[in-house]
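*Asks:* The structure under discussion is supplied below as structure tokens; questions concerning it will follow.
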Amino acid sequence: MSETGTTYREAMREAIREAMRRDERVFLMGEDVGAYGGCFAVSLGLLEEFGPERVRDTPLSESAFVGAGIGAALGGMRPIVEIMTVNFSLLALDQIINNAATLLHMSGGQFGVPLVIRMTTGAGRQLAAQHSHSLEGWYAHIPGLRILAPATLEDARGMLWPSLEDPDPVLIFEHGALYALSGVPRPGPVDITRAAIRRSGEDITLIAYGGTVGKTLSAADALAAENIEAEVIDLRVLRPLDDVTIMRSVGRTHRVLVVDEGWRSGSLSAEISSRIVEQAFYELDAPIGRLCAAEVPIPYARHLEEAAIPQVATIIAAAREVVTS
Amino acid sequence: MTPQHAQELIKDALIQVAPDADLTALPLDADFRDILELDSLDFLNYVQTLSEASGYRIEEDDYPAFTTVAGGASFLAAHAGVG
Amino acid sequence: MTGERWEFLMPSLGADMESGTVAEWLVKPGDRIRKGDCIAVIDTDKALIEAESFHTGVVEALLAGIGERLPVGTPLAVITGAAPAAELRPPTRGSPPVSPGEKTGMERRRREPSPAGGEHGPSWPHAPSPVTSPLVRHLAERHGMDAAAMHGTGPGGRVTRADVEGIEIPAKVKASPLARRLALELGVDLTGVHGTGRTGAVRADDVREAAARGSGTGPRAGTEQAVPGRAASAAGARTVGKPDLGRRQGLMRQAIARAMSRSNQEIPHYHLSTTVDMDTALAWLRERNRDLPVARRVLPAALLLMATARAAVEVPQLNGFWLDDAFVPGDAVHLGVAISLKGGGLIAPALHDAAGRDLGDLMAALKDLVARSRTGRLRGAEMTEATITVTNLGDQGVEEVHGVIHPPQVALVGFGKILERPWAVGGLLGVRPLVTVTLAADHRATDGYVGGRFLNAVDRLLSHPEEL
């Protein structure tokens, strides 16, 4: 961490470091998190600082080490489990959904699972279809899980500790394109319950999360030059959704564009627009717009990958469409 | 003016202000303002019409006599000139 | 040359009016009319009202037939500026002119395509062909027709609205949910609102603009707007008999129900009352009437109206409207007079500038207003301009009235019967004619203190009738 600022990656590392210092029950495990320093270098140096007991490299078996994390959590520990990318988390779906998310319920409230699973999500780094998908919307479908998507340095730094304090499993989705994000985080506590309004405006609400928040803010700045003042909501928490913040904003702007790097069909954006129609129908002055990823496996070629996911220019165009429709 | 003639003038004036009324069923000694649902403006119009038709200026002090057909007829017969 | 054209729209003759019927045309195509001329008799659910033109020009066409029930804001006639009608051509928006006889009222009610001609090439998501307008595609889609496969009669073989319209049912107004909600709240009829959305959809701002122009809201009767260019058809004027009495009474009951329900739901009423000694006033009036021809006699009711009007001048906070969460004072005291109609129903037309008249003038105006209310010949402005209303139930023998305000007004003044009662005057008990005056006022606009000042003013004015 430099004097003048930090990166998203460093903020996340600092959050892990702080948690491990504060609570000896906290430990980190995952593929290459120790000797290699993490696939995205988040845990670089932690093995040296905390030793192999608390920074544990695991075999390439997501099901096994997520299951181990669940067991440790049940046994009183506060594990942080890192999965390389959301694509690989599918190998641990059974553990996450059938065990972590359900045990509290299945045990009649006797056993909570205070587990935190971190994983990378999203496209934009030419890592092709095996590493670039945005499946957090699927996890947001599951009762029993809290789903977070830190998009800022503050959230990267501040969301981990309250997640570890949460008695139930929390999944943190880190967009791969954000790790190099740098700046000076503002100090102060961070909650894991509410969406944040990152920019105020009265003409349209742009709803984004994770990797699309920055692009959406850039788009909002460009729209302001056209006299379209956009309000930008960073969802932050994908489950449970902060309906109140969304509906209040829609009540002010009466127009909505949801920006989602996931695919449109059955997506988080579908859930959000559905809720807006249910709860704020009579506030709407235009059809809700959605800007999602093209319904293809994320391509490897740079120009195709760029074309497949929301970009500043396409967000501007989609917002304009909603405002004039 | 005969009471019969006065009665005809009164009924003509009433028809002006209550065009839908069936005056054949109206008791001669009943206060027609209630029966015909006349308000004070209707009554004034009735008085005005009747004054013009009879040539007798009906004063406000005379109004009580003119609230029944019989009362108005005998008043006019006594006061109005031979018409 | 002035090529201006205006549509004469179904006027809003009261905040509770949603639709009306042309009972009679007072003009025919080719007639020259001046601003303010009555050109049609409109049957609202409450009464027959003569509706005035807001423009000077020539009647080019009558669009609405006699007896046709149409929403507020529906074009009823086309009025052109000084230019001869022959120089004005029907609009060409990709559809050939429709011959007048083919147009029905329902078709006229349908929205025109969007102002730009509605051409949105590739950006339209379901474009079956680049040469059909979105509206046409939309209409075709609704009927399960393939516009791309149809034979077009428009320029360049374009499929036009007319090609699809053979089996067209009346289109609904396309409006956003917010626009619909606002329209309801502001009393704006969406069929008369010009939509600025990309596909001609009515959006919230369009409704706000229409409301600001006075279409269907508030105290103004002006609902006409300049809409240049529109195909017109002629509908022959013919007379019809009086609408069925039972139907009218049913509709009037509904109209009263709407207005009074709204009043009760929206207006936090407060009620005040005071008793006024009418001895001086009645004696003065009796003296005055003694010297006047019968035709110019003044009723106590007129004196009460005059006192109310003058009191409203003194306490202007009760004279006006509650609009958009704020009080808007009336430009003068246009005194609404509650008039019960023979056979049931109630109407409260306005005595224009009541406070500016002298008593005799007010009495004459009252007689005229009551007569025209009961024969159904009120003018549009009389239905909408009342700034405060008086109801006098004294003739019914009622002692006092606890009124319900007619929105958007903020006050209703009630008078009961003038009764002889024991009354202390100068330390002695005497028998005096007394009347109970009540005030129902909107607590959003005023507080009891203001209402009290008003009733005191009424009392004082009635004690000095010679000043009225």
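Residues are referred to by chain and number: the chain letter is A, B, ... according to the order shown in the structure tokens, the number counts from 1 in that chain, and ligands are numbered separately from 1 in the order shown.
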Quick one: DSSP helix (DSSP H, G or I) residues in region 371-422 of chain C, as an MDAnalysis selection string?
*Replies:* chainID C and resid 371:375 380:384 394:396
*Asks:* What would the file look like if the residues just selected were written as a short mmCIF file (atom, residue, chain, number, x, y, z; two decimals), in the first residue's frame with N, CA and C atoms?
*Replies:*
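So result_12.cif came out as:
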data_model
loop_
_atom_site.label_atom_id
_atom_site.label_comp_id
_atom_site.auth_asym_id
_atom_site.auth_seq_id
_atom_site.Cartn_x
_atom_site.Cartn_y
_atom_site.Cartn_z
N ALA C 371 -82.78 30.74 -14.21
CA ALA C 371 -83.63 30.36 -15.34
C ALA C 371 -82.84 29.55 -16.36
N ARG C 372 -81.63 30.02 -16.66
CA ARG C 372 -80.85 29.30 -17.67
C ARG C 372 -80.35 27.95 -17.15
N SER C 373 -80.08 27.87 -15.84
CA SER C 373 -79.68 26.58 -15.28
C SER C 373 -80.79 25.56 -15.47
N ARG C 374 -82.03 26.03 -15.27
CA ARG C 374 -83.14 25.09 -15.30
C ARG C 374 -83.61 24.80 -16.71
N THR C 375 -83.24 25.65 -17.66
CA THR C 375 -83.57 25.34 -19.05
C THR C 375 -82.35 24.82 -19.79
N GLY C 380 -70.10 28.06 -20.95
CA GLY C 380 -68.97 27.27 -20.46
C GLY C 380 -68.28 27.90 -19.28
N ALA C 381 -67.98 29.21 -19.38
CA ALA C 381 -67.23 29.87 -18.32
C ALA C 381 -68.00 29.83 -17.00
N GLU C 382 -69.32 29.88 -17.10
CA GLU C 382 -70.11 29.88 -15.87
C GLU C 382 -69.96 28.58 -15.10
N MET C 383 -69.61 27.53 -15.82
CA MET C 383 -69.47 26.23 -15.17
C MET C 383 -68.13 26.07 -14.47
N THR C 384 -67.17 26.87 -14.81
CA THR C 384 -65.82 26.60 -14.31
C THR C 384 -65.20 27.74 -13.52
N GLY C 394 -82.44 27.84 2.81
CA GLY C 394 -83.49 28.44 3.63
C GLY C 394 -84.88 28.13 3.12
N ASP C 395 -85.05 28.09 1.80
CA ASP C 395 -86.38 27.83 1.26
C ASP C 395 -86.86 26.43 1.61
N GLN C 396 -85.91 25.55 1.93
CA GLN C 396 -86.29 24.19 2.33
C GLN C 396 -86.59 24.12 3.83
#
*Asks:* Please return, as a list in words, all residues of chain C lying within 10 Å of chain A when only C-alpha atoms are considered.
*Replies:*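 Applying the cut-off to the listed atoms yields Ser123, Ala175, Ser176, Pro177, Leu178, Ala179, Arg180, Arg181, Leu182, Thr196, Gly197, Arg198, Thr199, Gly200, Ala201, Val202, Arg203, Ala204 and Asp205 of chain C.
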*Asks:* Specify as a PyMOL selection string all residues of chain C found within 8 Å of chain B, counting only C-alpha atoms.
*Replies:* chain C and resi 286+290+294-295+299+367+395-396
*Asks:* With only C-alpha atoms as the basis for distance, which of A:Asp203, A:Glu305, A:Asp168, A:Glu31 is at the shortest distance from Gly109 (chain A)?
*Replies:* A:Asp168
